[in-house]
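Undergrad: The following file, query_29.txt, comprises compact mmCIF, C-alpha atoms and all ligand atoms:
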# COMPACT_ATOMS: atom_id res chain seq x y z
CA MET A 20 132.88 81.18 130.32
CA VAL A 21 129.60 81.43 132.18
CA ALA A 22 128.67 79.01 134.99
CA CYS A 23 125.19 77.48 135.10
CA LYS A 24 123.42 78.92 138.17
CA ILE A 25 121.93 75.52 138.94
CA CYS A 26 124.64 72.88 138.37
CA SER A 27 127.72 75.19 138.15
CA LYS A 28 128.84 73.67 134.83
CA LYS A 29 130.94 76.21 132.93
CA SER A 30 130.61 76.72 129.20
CA GLU A 31 131.16 79.27 126.45
CA LEU A 32 127.72 78.27 125.22
CA ILE A 33 125.86 79.63 128.25
CA SER A 34 124.73 83.25 127.94
CA THR A 35 125.04 85.74 130.82
CA SER A 36 121.47 86.74 129.97
CA LEU A 37 120.14 83.17 130.51
CA PRO A 38 122.67 81.61 132.89
CA ILE A 39 121.34 78.05 132.94
CA CYS A 40 122.58 75.10 130.90
CA ILE A 41 120.27 73.18 128.57
CA ASP A 42 120.14 70.14 130.90
CA CYS A 43 118.98 72.24 133.84
CA ILE A 44 116.43 74.02 131.65
CA ARG A 45 115.05 70.62 130.63
CA GLU A 46 114.90 69.48 134.26
CA GLY A 47 112.70 72.46 134.97
CA SER A 48 113.28 73.04 138.69
CA GLU A 49 111.52 75.88 140.54
CA ARG A 50 114.85 77.65 140.85
CA SER A 51 115.55 77.53 137.13
CA LEU A 52 112.05 78.85 136.43
CA LYS A 53 112.76 81.89 138.63
CA ILE A 54 116.03 82.57 136.78
CA ILE A 55 114.28 82.24 133.40
CA GLU A 56 111.54 84.65 134.47
CA ARG A 57 114.11 87.15 135.69
CA SER A 58 115.88 87.00 132.28
CA HIS A 59 112.69 87.82 130.39
CA LYS A 60 111.64 90.46 132.91
CA ASP A 61 114.93 92.26 132.27
CA SER A 62 114.69 91.94 128.49
CA ARG A 63 111.09 93.20 128.42
CA ALA A 64 111.64 96.05 130.87
CA SER A 65 114.07 97.74 128.47
CA PHE A 66 111.21 98.12 125.99
CA ASP A 67 108.45 98.82 128.50
CA LEU A 68 106.64 95.60 127.59
CA PRO A 69 104.81 93.31 130.07
CA HIS A 70 107.19 90.60 131.25
CA LYS A 71 104.59 87.82 131.06
CA PRO A 72 101.20 87.45 129.34
CA PRO A 73 98.73 88.88 131.90
CA LYS A 74 96.34 86.23 133.24
CA ASN A 75 94.29 87.78 136.02
CA GLY A 76 91.98 90.19 134.22
CA LYS A 77 88.50 89.75 132.76
CA VAL A 78 89.26 91.08 129.27
CA GLU A 79 90.58 88.32 127.03
CA CYS A 80 92.31 88.80 123.70
CA PRO A 81 91.37 86.17 121.06
CA MET A 82 94.29 86.75 118.73
CA CYS A 83 97.21 84.53 119.76
CA GLY A 84 98.12 81.58 121.95
CA ASN A 85 99.22 83.82 124.82
CA GLN A 86 95.52 84.33 125.60
CA CYS A 87 96.21 87.48 127.59
CA ARG A 88 93.56 88.25 130.23
CA MET A 89 93.91 91.89 131.10
CA GLU A 90 92.67 94.12 133.88
CA ASP A 91 91.72 97.70 133.10
CA GLY A 92 94.84 99.64 132.16
CA GLU A 93 96.87 96.49 131.58
CA TYR A 94 98.58 95.71 128.24
CA GLY A 95 98.87 92.34 126.53
CA PHE A 96 102.23 90.66 126.00
CA CYS A 97 102.64 92.06 122.46
CA GLY A 98 102.10 95.63 123.71
CA LEU A 99 99.41 96.27 121.08
CA ARG A 100 96.24 95.45 122.98
CA TYR A 101 94.96 96.65 126.35
CA ALA A 102 91.87 96.70 128.50
CA LYS A 103 89.84 99.86 129.10
CA SER A 104 86.46 100.13 130.83
CA GLY A 105 86.10 96.37 130.65
CA HIS A 106 86.66 96.21 126.88
CA LEU A 107 89.49 95.07 124.67
CA ARG A 108 91.16 97.97 122.89
CA THR A 109 94.07 98.14 120.48
CA LYS A 110 96.56 100.75 119.47
CA GLY A 111 95.32 99.76 116.03
CA VAL A 112 96.78 97.26 113.60
CA GLY A 113 98.87 97.65 110.46
CA TRP A 114 102.08 98.65 112.26
CA LEU A 115 104.48 97.47 109.60
CA ASP A 116 107.28 98.13 107.16
CA TRP A 117 107.15 96.85 103.60
CA TYR A 118 109.71 96.48 100.82
CA TYR A 119 110.20 94.59 97.57
CA ASP A 120 112.55 91.65 97.37
CA PRO A 121 113.50 90.50 93.84
CA LEU A 122 112.76 86.82 93.16
CA PRO A 123 114.32 84.38 93.76
CA THR A 124 114.67 85.59 97.37
CA ASN A 125 116.66 84.22 100.29
CA CYS A 126 113.35 83.42 102.00
CA VAL A 127 113.23 80.46 104.46
CA ALA A 128 111.25 78.44 101.91
CA SER A 129 113.35 79.40 98.88
CA PHE A 130 114.54 75.78 98.49
CA CYS A 131 110.99 74.55 97.83
CA CYS A 132 108.51 77.36 97.08
CA ALA A 133 106.85 78.39 93.83
CA GLY A 134 108.74 81.69 93.57
CA CYS A 135 112.23 80.23 93.75
CA THR A 136 111.99 76.73 92.24
CA GLU A 137 110.16 74.97 89.39
CA SER A 138 107.46 73.96 91.87
CA GLY A 139 103.89 75.15 91.25
CA TYR A 140 104.30 76.13 87.57
CA PRO A 141 102.11 77.07 85.70
CA LYS A 142 99.14 77.37 88.08
CA PHE A 143 100.88 79.36 90.81
CA SER A 144 104.04 80.67 89.19
CA TYR A 145 105.02 82.65 86.09
CA ALA A 146 108.16 80.58 85.43
CA ASP A 147 109.20 76.97 85.17
CA GLY A 148 112.00 77.71 87.66
CA PRO A 149 112.94 80.78 89.73
CA GLU A 150 110.72 83.73 88.80
CA PHE A 151 113.41 86.12 87.57
CA GLY A 152 112.00 89.55 86.79
CA TYR A 153 109.28 89.27 89.44
CA LYS A 154 109.30 90.37 93.06
CA ASN A 155 108.04 89.54 96.50
CA LEU A 156 106.24 92.12 98.64
CA ALA A 157 107.81 91.58 102.08
CA VAL A 158 105.65 92.83 104.96
CA PHE A 159 107.39 93.15 108.33
CA TYR A 160 104.95 93.45 111.26
CA ARG A 161 106.36 95.45 114.14
CA ALA A 162 105.16 93.47 117.17
CA CYS A 163 105.58 89.93 118.42
CA SER A 164 103.88 87.33 120.59
CA PHE A 165 107.21 85.76 121.68
CA ASP A 166 110.22 87.18 123.50
CA CYS A 167 113.14 85.20 122.04
CA LEU A 168 116.34 86.21 123.79
CA PHE A 169 118.18 85.46 120.52
CA CYS A 170 115.73 87.52 118.43
CA GLN A 171 117.20 87.98 114.97
CA ASN A 172 114.97 91.00 114.22
CA TYR A 173 114.84 92.73 117.61
CA HIS A 174 114.84 96.35 116.32
CA PHE A 175 111.07 96.38 115.90
CA ARG A 176 110.78 96.69 119.70
CA GLU A 177 112.17 100.22 119.57
CA SER A 178 109.05 101.73 117.96
CA LEU A 179 105.83 100.71 116.28
CA GLY A 180 106.65 102.82 113.22
CA LYS A 181 103.67 103.86 111.17
CA ARG A 182 100.36 102.28 110.31
CA VAL A 183 99.56 101.08 106.81
CA SER A 184 95.99 100.06 105.99
CA PRO A 185 95.26 96.87 104.00
CA GLU A 186 94.10 99.12 101.12
CA GLU A 187 97.36 101.12 101.13
CA LEU A 188 99.34 97.91 101.20
CA LEU A 189 97.32 96.56 98.30
CA GLU A 190 98.46 99.52 96.17
CA LYS A 191 102.00 98.11 96.42
CA VAL A 192 100.96 94.94 94.56
CA ASP A 193 101.78 95.63 90.90
CA GLU A 194 101.94 93.36 87.84
CA ARG A 195 105.50 92.25 88.73
CA THR A 196 104.57 91.26 92.32
CA SER A 197 103.98 87.52 92.38
CA CYS A 198 104.04 86.85 96.13
CA VAL A 199 103.55 88.46 99.52
CA CYS A 200 105.34 87.35 102.68
CA PHE A 201 104.05 88.35 106.12
CA PHE A 202 106.76 88.15 108.77
CA GLY A 203 108.25 90.37 111.45
CA GLY A 204 108.35 90.50 114.54
CA ASP A 205 105.53 88.14 114.00
CA PRO A 206 102.27 88.45 112.07
CA SER A 207 100.30 86.72 114.88
CA PRO A 208 99.37 89.81 116.98
CA GLN A 209 98.13 91.53 113.79
CA ILE A 210 96.87 88.43 112.02
CA ASN A 211 93.47 90.07 111.34
CA HIS A 212 95.27 92.73 109.28
CA THR A 213 97.04 90.09 107.15
CA ILE A 214 93.69 88.40 106.49
CA ARG A 215 91.95 91.64 105.52
CA PHE A 216 94.75 92.38 103.07
CA ALA A 217 94.79 88.84 101.65
CA GLU A 218 91.06 88.76 101.04
CA LYS A 219 91.26 91.96 98.99
CA ALA A 220 94.44 90.88 97.19
CA LYS A 221 92.75 87.75 95.86
CA GLU A 222 90.42 89.91 93.82
CA LYS A 223 93.18 92.13 92.48
CA GLN A 224 95.70 89.70 91.02
CA ARG A 225 95.18 86.24 89.57
CA LYS A 226 98.60 84.82 90.43
CA LEU A 227 99.62 86.13 93.82
CA ARG A 228 100.95 83.68 96.38
CA ILE A 229 100.37 84.65 99.98
CA CYS A 230 102.74 83.28 102.62
CA TRP A 231 103.18 83.61 106.39
CA GLU A 232 106.49 83.22 108.21
CA THR A 233 105.57 82.90 111.85
CA ASN A 234 106.16 81.45 115.29
CA GLY A 235 102.77 79.82 114.63
CA SER A 236 100.98 81.12 117.72
CA MET A 237 97.79 82.61 116.23
CA GLN A 238 94.53 81.19 117.57
CA LEU A 239 92.76 78.46 115.60
CA PRO A 240 90.01 80.50 113.86
CA TYR A 241 92.70 82.75 112.33
CA LEU A 242 94.92 79.79 111.50
CA LYS A 243 92.05 78.17 109.60
CA LYS A 244 91.58 81.33 107.53
CA ILE A 245 95.24 81.74 106.63
CA THR A 246 95.58 78.05 105.79
CA LYS A 247 92.77 78.39 103.26
CA ILE A 248 94.29 81.54 101.75
CA ALA A 249 97.78 80.01 101.51
CA LEU A 250 96.32 76.83 99.96
CA GLU A 251 94.27 78.61 97.32
CA SER A 252 96.93 81.16 96.40
CA GLY A 253 99.87 78.72 96.03
CA GLY A 254 101.53 80.19 99.13
CA CYS A 255 102.76 78.53 102.30
CA ILE A 256 102.88 78.78 106.07
CA LYS A 257 106.42 78.69 107.43
CA PHE A 258 106.44 77.67 111.08
CA ASP A 259 109.54 78.64 112.97
CA LEU A 260 109.69 75.83 115.54
CA LYS A 261 112.01 77.32 118.16
CA ALA A 262 111.98 74.17 120.32
CA TYR A 263 109.83 71.10 120.88
CA ASP A 264 110.33 70.90 124.65
CA GLU A 265 107.89 73.39 126.20
CA LYS A 266 110.33 74.19 129.02
CA LEU A 267 113.03 75.05 126.52
CA ASN A 268 110.64 77.20 124.50
CA TYR A 269 109.64 79.00 127.70
CA ALA A 270 113.27 79.60 128.63
CA LEU A 271 114.25 80.92 125.22
CA CYS A 272 111.07 82.70 124.14
CA GLY A 273 109.34 83.62 127.42
CA VAL A 274 106.06 81.85 126.54
CA SER A 275 104.68 78.35 125.91
CA ASN A 276 104.80 76.74 122.46
CA LYS A 277 101.64 74.71 123.02
CA THR A 278 99.57 76.64 120.47
CA THR A 279 102.38 76.47 117.90
CA ILE A 280 102.68 72.69 118.29
CA ASP A 281 98.90 72.19 118.00
CA ASN A 282 98.68 74.56 115.04
CA PHE A 283 101.42 72.76 113.13
CA GLY A 284 99.44 69.52 113.41
CA HIS A 285 96.31 71.31 112.21
CA VAL A 286 97.92 72.69 109.02
CA SER A 287 99.51 69.31 108.28
CA HIS A 288 96.04 67.89 107.63
CA PHE A 289 95.75 70.04 104.50
CA ILE A 290 99.06 69.08 102.87
CA SER A 291 97.50 66.47 100.60
CA GLU A 292 95.07 69.05 99.17
CA ARG A 293 97.98 70.75 97.41
CA PRO A 294 101.25 68.85 97.69
CA ASN A 295 103.06 70.99 95.13
CA PRO A 296 104.28 73.62 96.03
CA PRO A 297 104.39 72.56 99.70
CA LEU A 298 101.85 74.25 101.98
CA LEU A 299 103.65 73.69 105.27
CA ILE A 300 107.32 74.37 105.93
CA ALA A 301 109.27 74.18 109.19
CA SER A 302 112.46 75.83 110.32
CA THR A 303 114.57 75.95 113.49
CA LEU A 304 117.35 78.32 114.45
CA LEU A 305 120.42 76.40 115.61
CA VAL A 306 121.30 78.37 118.74
CA PRO A 307 124.59 76.95 120.08
CA GLY A 308 124.28 75.64 123.64
CA TYR A 309 120.48 75.96 123.73
CA ILE A 310 119.31 74.01 120.66
CA ASP A 311 121.25 70.78 120.44
CA VAL A 312 121.06 67.67 118.26
CA LYS A 313 118.74 66.00 120.79
CA GLU A 314 116.25 68.85 120.35
CA ILE A 315 116.50 68.71 116.55
CA LYS A 316 115.78 64.97 116.68
CA ARG A 317 112.63 65.60 118.72
CA ILE A 318 111.47 68.37 116.37
CA ALA A 319 112.20 66.24 113.28
CA ARG A 320 110.33 63.26 114.78
CA PHE A 321 107.39 65.54 115.55
CA ILE A 322 107.30 66.86 111.96
CA ALA A 323 107.82 63.44 110.33
CA GLN A 324 104.85 61.89 112.18
CA PHE A 325 102.55 64.13 110.10
CA ASN A 326 104.35 63.79 106.78
CA PRO A 327 108.03 62.97 106.13
CA LYS A 328 108.01 65.19 103.04
CA ILE A 329 107.43 68.42 105.00
CA PRO A 330 110.41 70.63 104.10
CA TYR A 331 112.59 71.49 107.12
CA SER A 332 115.20 74.23 107.11
CA LEU A 333 117.92 74.47 109.76
CA LEU A 334 118.96 78.08 110.18
CA CYS A 335 122.32 79.34 111.38
CA PHE A 336 122.35 81.61 114.40
CA HIS A 337 124.14 84.94 114.46
CA PRO A 338 124.88 86.65 117.82
CA GLN A 339 122.01 89.11 118.40
CA PHE A 340 119.94 90.85 121.04
CA TYR A 341 120.48 89.24 124.50
CA PHE A 342 122.51 86.36 123.01
CA ARG A 343 125.36 88.51 121.73
CA ASP A 344 127.76 86.42 123.81
CA ILE A 345 126.81 83.14 122.05
CA PRO A 346 128.91 82.22 118.99
CA VAL A 347 127.70 81.67 115.44
CA THR A 348 126.43 78.12 114.73
CA SER A 349 129.34 75.78 114.06
CA ARG A 350 129.57 73.76 110.87
CA GLU A 351 129.70 70.65 113.07
CA LEU A 352 126.36 71.44 114.79
CA ALA A 353 124.70 72.31 111.47
CA TYR A 354 125.71 69.05 109.78
CA GLU A 355 125.03 66.86 112.83
CA ALA A 356 121.56 68.42 113.06
CA TYR A 357 121.06 67.88 109.34
CA ASP A 358 121.99 64.17 109.59
CA ALA A 359 119.81 63.74 112.68
CA ALA A 360 116.76 65.25 110.95
CA LEU A 361 117.21 62.86 108.01
CA LYS A 362 117.61 59.90 110.36
CA GLU A 363 114.33 60.79 112.02
CA GLY A 364 112.64 60.25 108.65
CA LEU A 365 112.43 63.69 107.04
CA THR A 366 113.26 63.61 103.34
CA ASN A 367 113.59 67.33 102.50
CA VAL A 368 116.06 68.88 104.96
CA HIS A 369 117.99 72.01 104.12
CA ILE A 370 120.66 74.13 105.81
CA GLY A 371 119.69 77.78 105.38
CA ASN A 372 121.93 80.89 105.48
CA LYS A 373 125.04 78.69 105.19
CA HIS A 374 127.25 81.72 104.62
CA LEU A 375 127.00 82.41 108.38
CA LEU A 376 128.42 79.03 109.41
CA LEU A 377 131.53 79.14 111.56
CA LEU A 378 134.27 77.15 109.86
S1 LIG A 401 97.79 89.37 120.41
FE1 LIG A 401 98.53 87.78 121.78
S2 LIG A 401 100.08 88.78 123.00
FE2 LIG A 401 98.86 90.40 122.08
S3 LIG A 401 97.29 90.87 123.61
FE3 LIG A 401 96.44 89.36 122.21
S4 LIG A 401 96.82 87.37 123.19
FE4 LIG A 401 98.18 88.89 124.15
S1 LIG A 402 106.78 84.73 99.82
FE1 LIG A 402 106.25 82.58 99.48
S2 LIG A 402 106.41 82.24 97.30
FE2 LIG A 402 107.44 84.18 97.73
S3 LIG A 402 109.59 83.67 98.00
FE3 LIG A 402 108.67 83.57 100.04
S4 LIG A 402 107.95 81.45 100.31
FE4 LIG A 402 108.41 81.77 98.15
S1 LIG A 403 109.33 85.11 117.23
FE1 LIG A 403 110.86 86.05 115.87
S2 LIG A 403 110.56 88.26 116.04
FE2 LIG A 403 109.45 87.29 117.74
S3 LIG A 403 110.90 87.40 119.43
FE3 LIG A 403 111.16 85.41 118.43
S4 LIG A 403 112.80 85.70 116.92
FE4 LIG A 403 112.07 87.74 117.54
ZN ZN A 404 123.15 73.30 134.61
Could I get this file's structure written as structure tokens?

TA:
Amino acid sequence: MVACKICSKKSELISTSLPICIDCIREGSERSLKIIERSHKDSRASFDLPHKPPKNGKVECPMCGNQCRMEDGEYGFCGLRYAKSGHLRTKGVGWLDWYYDPLPTNCVASFCCAGCTESGYPKFSYADGPEFGYKNLAVFYRACSFDCLFCQNYHFRESLGKRVSPEELLEKVDERTSCVCFFGGDPSPQINHTIRFAEKAKEKQRKLRICWETNGSMQLPYLKKITKIALESGGCIKFDLKAYDEKLNYALCGVSNKTTIDNFGHVSHFISERPNPPLLIASTLLVPGYIDVKEIKRIARFIAQFNPKIPYSLLCFHPQFYFRDIPVTSRELAYEAYDAALKEGLTNVHIGNKHLLLL
């Protein structure tokens, strides 16, 4: 049992790495903000990453919603970009791992996408159902614009790995590759690399869906480009909405979700241009103690205002990274969240990775 450092409430659903209860996070006192910042400072220091997006320099990065403003010698939040002699420099882009995943995959959108369901056939898919015999090229970008204390893929922080150019990645697209998924980490700090690849891929293969699975924090000019590519290719943009409340997002992920929220609204305007397969998909990780039914209701209401048919997947949490002391999502939380999302008007709600659910 950990006691909340603000109200002293004790709970098994409070992590030692973020020792504040959800109510006190939502209240947002100065004291809670200091504790939250300390938590992220500690988590970032272990990987030699800046603890906050820098804001005092003259060199601004245009890539993601963190809008880092760096002084000479200072690095951006993602650790990929820095300022030198008054100019923006990068360690390069294309830091990634890739692998093939046979279709149908266990992808976040597998309950509604063209690779795993009958949706989108014949224009965007080779089969009137799951595309057995075909594969997805999964591209894992090794950097991120968020610092989620529950990160389910935290190993990328240990090293950047090796660089792969868009041309080299394109060689991996063969006649049995019917989709590409950019994820990570997050594609947002290297979004220009995903776009360069996608523009070349269009010319190579007639049916090749291109999808992004992201925290949704890329800046608008990049979002516009990827929306167009996803639309035309039969792919989708999967927004992982960590929280709706900005204070909660800040506590859990170390940065604001303002860009993500704005970007979601932007993509929603294009849904009617290609309703099938769905262009825009949302998901939320059900982190016990920190994402409750109240938060799911707010997220579901937010999504439904744009279009009640937007598919929404509720994902089960597994103890990871700094939240190793938080239990797996309970069946009760998953089903209460599911019912709440339906009550808020969404019509296509799904519980993902059910096998993890605590009985
Ligand atoms: S990509 Fe985002 S996090 Fe990285 S330096 Fe640019 S604005 Fe900062
Ligand atoms: S990459 Fe896109 S089309 Fe392929 S399985 Fe994932 S969501 Fe479906
Ligand atoms: S956005 Fe994803 S990869 Fe990035 S810190 Fe959060 S959970 Fe980890
Ligand atoms: Zn409290």

Undergrad: When you draw a straight line from atom CA of Ile300 of chain A to atom CA of Ile280 of chain A, how long is it in Å?

TA: 13.3 Å

Undergrad: Please give me, as a ChimeraX atom specification, the residues lying within 8 Å of ligand ZN 404 (chain A) when counting only C-alpha atoms and all ligand atoms.

TA: /A:22-28,39-44

Undergrad: Hey, which of A:Gly364, A:Pro73, A:Gly273, A:Gly371 ends up closest to Glu56 of chain A? Count all atoms listed in the file.

TA: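 Ranking A:Gly364, A:Pro73, A:Gly273, A:Gly371 by distance to Glu56 of chain A, first place goes to A:Gly273.
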
Undergrad: Quick one: pull the distance between atom FE2 of ligand LIG 403 (chain A) and atom CA of Ser207 of chain A, Å, one decimal.

TA: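 Computing the Euclidean distance for atom FE2 of ligand LIG 403 (chain A) and atom CA of Ser207 of chain A yields 9.6 Å.
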
Undergrad: From the options A:Phe325, A:Phe96, A:Phe169, A:Trp231, which residue's atoms come nearest to Asp344 of chain A, counting only C-alpha atoms?

TA: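 Closest to Asp344 of chain A, using only C-alpha atoms: A:Phe169.
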
Undergrad: Mind pulling up the distance from atom CA of Thr124 of chain A to atom FE1 of ligand LIG 402 (chain A)?

TA: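 Those two atoms sit 9.2 Å apart.
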
Undergrad: If we draw a sphere of 9 Å around (105.3, 95.0, 124.4), which residues have at least one atom in it when counting all atoms listed in the file? Please report them as a PyMOL selection string.

TA: chain A and resi 63+66-70+94-99+162-164+176

Undergrad: May I have the selected residues written with C-alpha atoms, as a PDB file, keeping the file's coordinate frame?

TA:
ATOM      1  CA  ARG A  63     111.090  93.200 128.420  1.00  0.00           C
ATOM      2  CA  PHE A  66     111.210  98.120 125.990  1.00  0.00           C
ATOM      3  CA  ASP A  67     108.450  98.820 128.500  1.00  0.00           C
ATOM      4  CA  LEU A  68     106.640  95.600 127.590  1.00  0.00           C
ATOM      5  CA  PRO A  69     104.810  93.310 130.070  1.00  0.00           C
ATOM      6  CA  HIS A  70     107.190  90.600 131.250  1.00  0.00           C
ATOM      7  CA  TYR A  94      98.580  95.710 128.240  1.00  0.00           C
ATOM      8  CA  GLY A  95      98.870  92.340 126.530  1.00  0.00           C
ATOM      9  CA  PHE A  96     102.230  90.660 126.000  1.00  0.00           C
ATOM     10  CA  CYS A  97     102.640  92.060 122.460  1.00  0.00           C
ATOM     11  CA  GLY A  98     102.100  95.630 123.710  1.00  0.00           C
ATOM     12  CA  LEU A  99      99.410  96.270 121.080  1.00  0.00           C
ATOM     13  CA  ALA A 162     105.160  93.470 117.170  1.00  0.00           C
ATOM     14  CA  CYS A 163     105.580  89.930 118.420  1.00  0.00           C
ATOM     15  CA  SER A 164     103.880  87.330 120.590  1.00  0.00           C
ATOM     16  CA  ARG A 176     110.780  96.690 119.700  1.00  0.00           C
TER      17      ARG A 176
END

Undergrad: Could you give me the centre and size, in Å to one decimal, of an axis-aligned box around all listed atoms of ligand LIG 402 (chain A) with 6 Å added on every side, as AutoDock Vina command-line options?

TA:
--center_x 107.9 --center_y 83.1 --center_z 98.8 --size_x 15.3 --size_y 15.3 --size_z 15.0

Undergrad: Taking all atoms listed in the file into account, which of A:Pro296, A:Leu305, A:Tyr269, A:Arg108 comes nearest Cys135 of chain A?

TA: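 Residue with the minimum atom-to-atom distance to Cys135 of chain A: A:Pro296.
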
Undergrad: Show me a table, sorted first by chain and then by increasing residue number, of the residues of chain A having an atom at most 10 Å from ligand LIG 403 (chain A), each with its shortest atom pair and the distance in Å to one decimal, counting all atoms listed in the file and written as JSON lines.

TA:
{"residue": "A:Cys97", "atom": "CA", "partner": "A:LIG403", "partner_atom": "FE2", "distance": 9.6}
{"residue": "A:Phe159", "atom": "CA", "partner": "A:LIG403", "partner_atom": "S2", "distance": 9.7}
{"residue": "A:Tyr160", "atom": "CA", "partner": "A:LIG403", "partner_atom": "S2", "distance": 9.0}
{"residue": "A:Arg161", "atom": "CA", "partner": "A:LIG403", "partner_atom": "S2", "distance": 8.5}
{"residue": "A:Ala162", "atom": "CA", "partner": "A:LIG403", "partner_atom": "FE2", "distance": 7.5}
{"residue": "A:Cys163", "atom": "CA", "partner": "A:LIG403", "partner_atom": "FE2", "distance": 4.7}
{"residue": "A:Ser164", "atom": "CA", "partner": "A:LIG403", "partner_atom": "FE2", "distance": 6.3}
{"residue": "A:Phe165", "atom": "CA", "partner": "A:LIG403", "partner_atom": "S3", "distance": 4.6}
{"residue": "A:Asp166", "atom": "CA", "partner": "A:LIG403", "partner_atom": "S3", "distance": 4.1}
{"residue": "A:Cys167", "atom": "CA", "partner": "A:LIG403", "partner_atom": "S3", "distance": 4.1}
{"residue": "A:Leu168", "atom": "CA", "partner": "A:LIG403", "partner_atom": "S3", "distance": 7.1}
{"residue": "A:Phe169", "atom": "CA", "partner": "A:LIG403", "partner_atom": "S4", "distance": 6.5}
{"residue": "A:Cys170", "atom": "CA", "partner": "A:LIG403", "partner_atom": "S4", "distance": 3.8}
{"residue": "A:Gln171", "atom": "CA", "partner": "A:LIG403", "partner_atom": "S4", "distance": 5.3}
{"residue": "A:Asn172", "atom": "CA", "partner": "A:LIG403", "partner_atom": "FE4", "distance": 5.5}
{"residue": "A:Tyr173", "atom": "CA", "partner": "A:LIG403", "partner_atom": "FE4", "distance": 5.7}
{"residue": "A:His174", "atom": "CA", "partner": "A:LIG403", "partner_atom": "FE4", "distance": 9.1}
{"residue": "A:Phe175", "atom": "CA", "partner": "A:LIG403", "partner_atom": "S2", "distance": 8.1}
{"residue": "A:Arg176", "atom": "CA", "partner": "A:LIG403", "partner_atom": "S2", "distance": 9.2}
{"residue": "A:Phe202", "atom": "CA", "partner": "A:LIG403", "partner_atom": "S2", "distance": 8.2}
{"residue": "A:Gly203", "atom": "CA", "partner": "A:LIG403", "partner_atom": "S2", "distance": 5.6}
{"residue": "A:Gly204", "atom": "CA", "partner": "A:LIG403", "partner_atom": "S2", "distance": 3.5}
{"residue": "A:Asp205", "atom": "CA", "partner": "A:LIG403", "partner_atom": "S2", "distance": 5.4}
{"residue": "A:Pro206", "atom": "CA", "partner": "A:LIG403", "partner_atom": "S2", "distance": 9.2}
{"residue": "A:Ser207", "atom": "CA", "partner": "A:LIG403", "partner_atom": "S1", "distance": 9.5}
{"residue": "A:Glu232", "atom": "CA", "partner": "A:LIG403", "partner_atom": "FE1", "distance": 9.3}
{"residue": "A:Thr233", "atom": "CA", "partner": "A:LIG403", "partner_atom": "S1", "distance": 6.9}
{"residue": "A:Asn234", "atom": "CA", "partner": "A:LIG403", "partner_atom": "S1", "distance": 5.2}
{"residue": "A:Gly235", "atom": "CA", "partner": "A:LIG403", "partner_atom": "S1", "distance": 8.8}
{"residue": "A:Ser236", "atom": "CA", "partner": "A:LIG403", "partner_atom": "S1", "distance": 9.3}
{"residue": "A:Asp259", "atom": "CA", "partner": "A:LIG403", "partner_atom": "S1", "distance": 7.7}
{"residue": "A:Leu260", "atom": "CA", "partner": "A:LIG403", "partner_atom": "S1", "distance": 9.4}
{"residue": "A:Lys261", "atom": "CA", "partner": "A:LIG403", "partner_atom": "FE3", "distance": 8.1}
{"residue": "A:Leu271", "atom": "CA", "partner": "A:LIG403", "partner_atom": "FE3", "distance": 8.7}
{"residue": "A:Cys272", "atom": "CA", "partner": "A:LIG403", "partner_atom": "FE3", "distance": 6.3}
{"residue": "A:Gly273", "atom": "CA", "partner": "A:LIG403", "partner_atom": "S3", "distance": 9.0}
{"residue": "A:Leu304", "atom": "CA", "partner": "A:LIG403", "partner_atom": "S4", "distance": 9.0}
{"residue": "A:Gln339", "atom": "CA", "partner": "A:LIG403", "partner_atom": "S4", "distance": 9.9}
{"residue": "A:Phe340", "atom": "CA", "partner": "A:LIG403", "partner_atom": "FE4", "distance": 9.2}

Undergrad: Could I get the residue neighbourhood of ligand LIG 402 (chain A) at 6 Å, counting only C-alpha atoms and all ligand atoms, as a list in words?

TA: Thr124, Cys126, Ala128, Ser129, Cys132, Ala133, Gly134, Asn155, Cys198, Val199, Cys200, Arg228, Cys230 and Gly254 of chain A

Undergrad: If we count only C-alpha atoms, what is near segment 116-122 of chain A at a cut-off of 9 Å, once residues fewer than 4 positions away on the same chain are taken out, given as an MDAnalysis selection string?

TA: chainID A and resid 134:135 149:161 180:183 188 191 196:197 203

Undergrad: Closest to ligand LIG 401 (chain A) among A:Ile290, A:Met89, A:Ile55, A:Leu250, using all atoms listed in the file?

TA: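 Going through A:Ile290, A:Met89, A:Ile55, A:Leu250 one by one, the smallest distance to ligand LIG 401 (chain A) is for A:Met89.
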
Undergrad: Of the residues A:Ala146, A:Ala64, A:Leu115, A:Cys80, which is the one nearest to Thr213 of chain A, using only C-alpha atoms?

TA: A:Leu115

Undergrad: Out of A:Val112, A:Glu31, A:Asn85, A:Gln324, which residue has the shortest atom-to-atom distance to Val274 of chain A when counting all atoms listed in the file?

TA: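 Closest residue, counting all atoms listed in the file: A:Asn85.
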
Undergrad: Would you list the residues near (83.5, 101.3, 132.6), meaning any protein, DNA or RNA residue with an atom at most 12 Å from that point in file coordinates, counting only C-alpha atoms, as a list in words?

TA: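 It turns out the residues near that spot are Glu90, Asp91, Gly92, Ala102, Lys103, Ser104, Gly105, His106 and Leu107 of chain A.
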
Undergrad: Tell me, as a list in words, which residues lie within 7 Å of Pro307 of chain A, counting all atoms listed in the file; anything in the same chain fewer than 2 positions away does not count.

TA: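 Listed by chain and then number, they are Leu32, Leu305, Tyr309, Ile310, Ile345, Pro346 and Thr348 of chain A.
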
Undergrad: Kindly save the residues from that selection, with C-alpha atoms included, as a short mmCIF file (atom, residue, chain, number, x, y, z; two decimals), keeping the file's coordinate frame.

TA:
data_model
loop_
_atom_site.label_atom_id
_atom_site.label_comp_id
_atom_site.auth_asym_id
_atom_site.auth_seq_id
_atom_site.Cartn_x
_atom_site.Cartn_y
_atom_site.Cartn_z
CA LEU A 32 127.72 78.27 125.22
CA LEU A 305 120.42 76.40 115.61
CA TYR A 309 120.48 75.96 123.73
CA ILE A 310 119.31 74.01 120.66
CA ILE A 345 126.81 83.14 122.05
CA PRO A 346 128.91 82.22 118.99
CA THR A 348 126.43 78.12 114.73
#
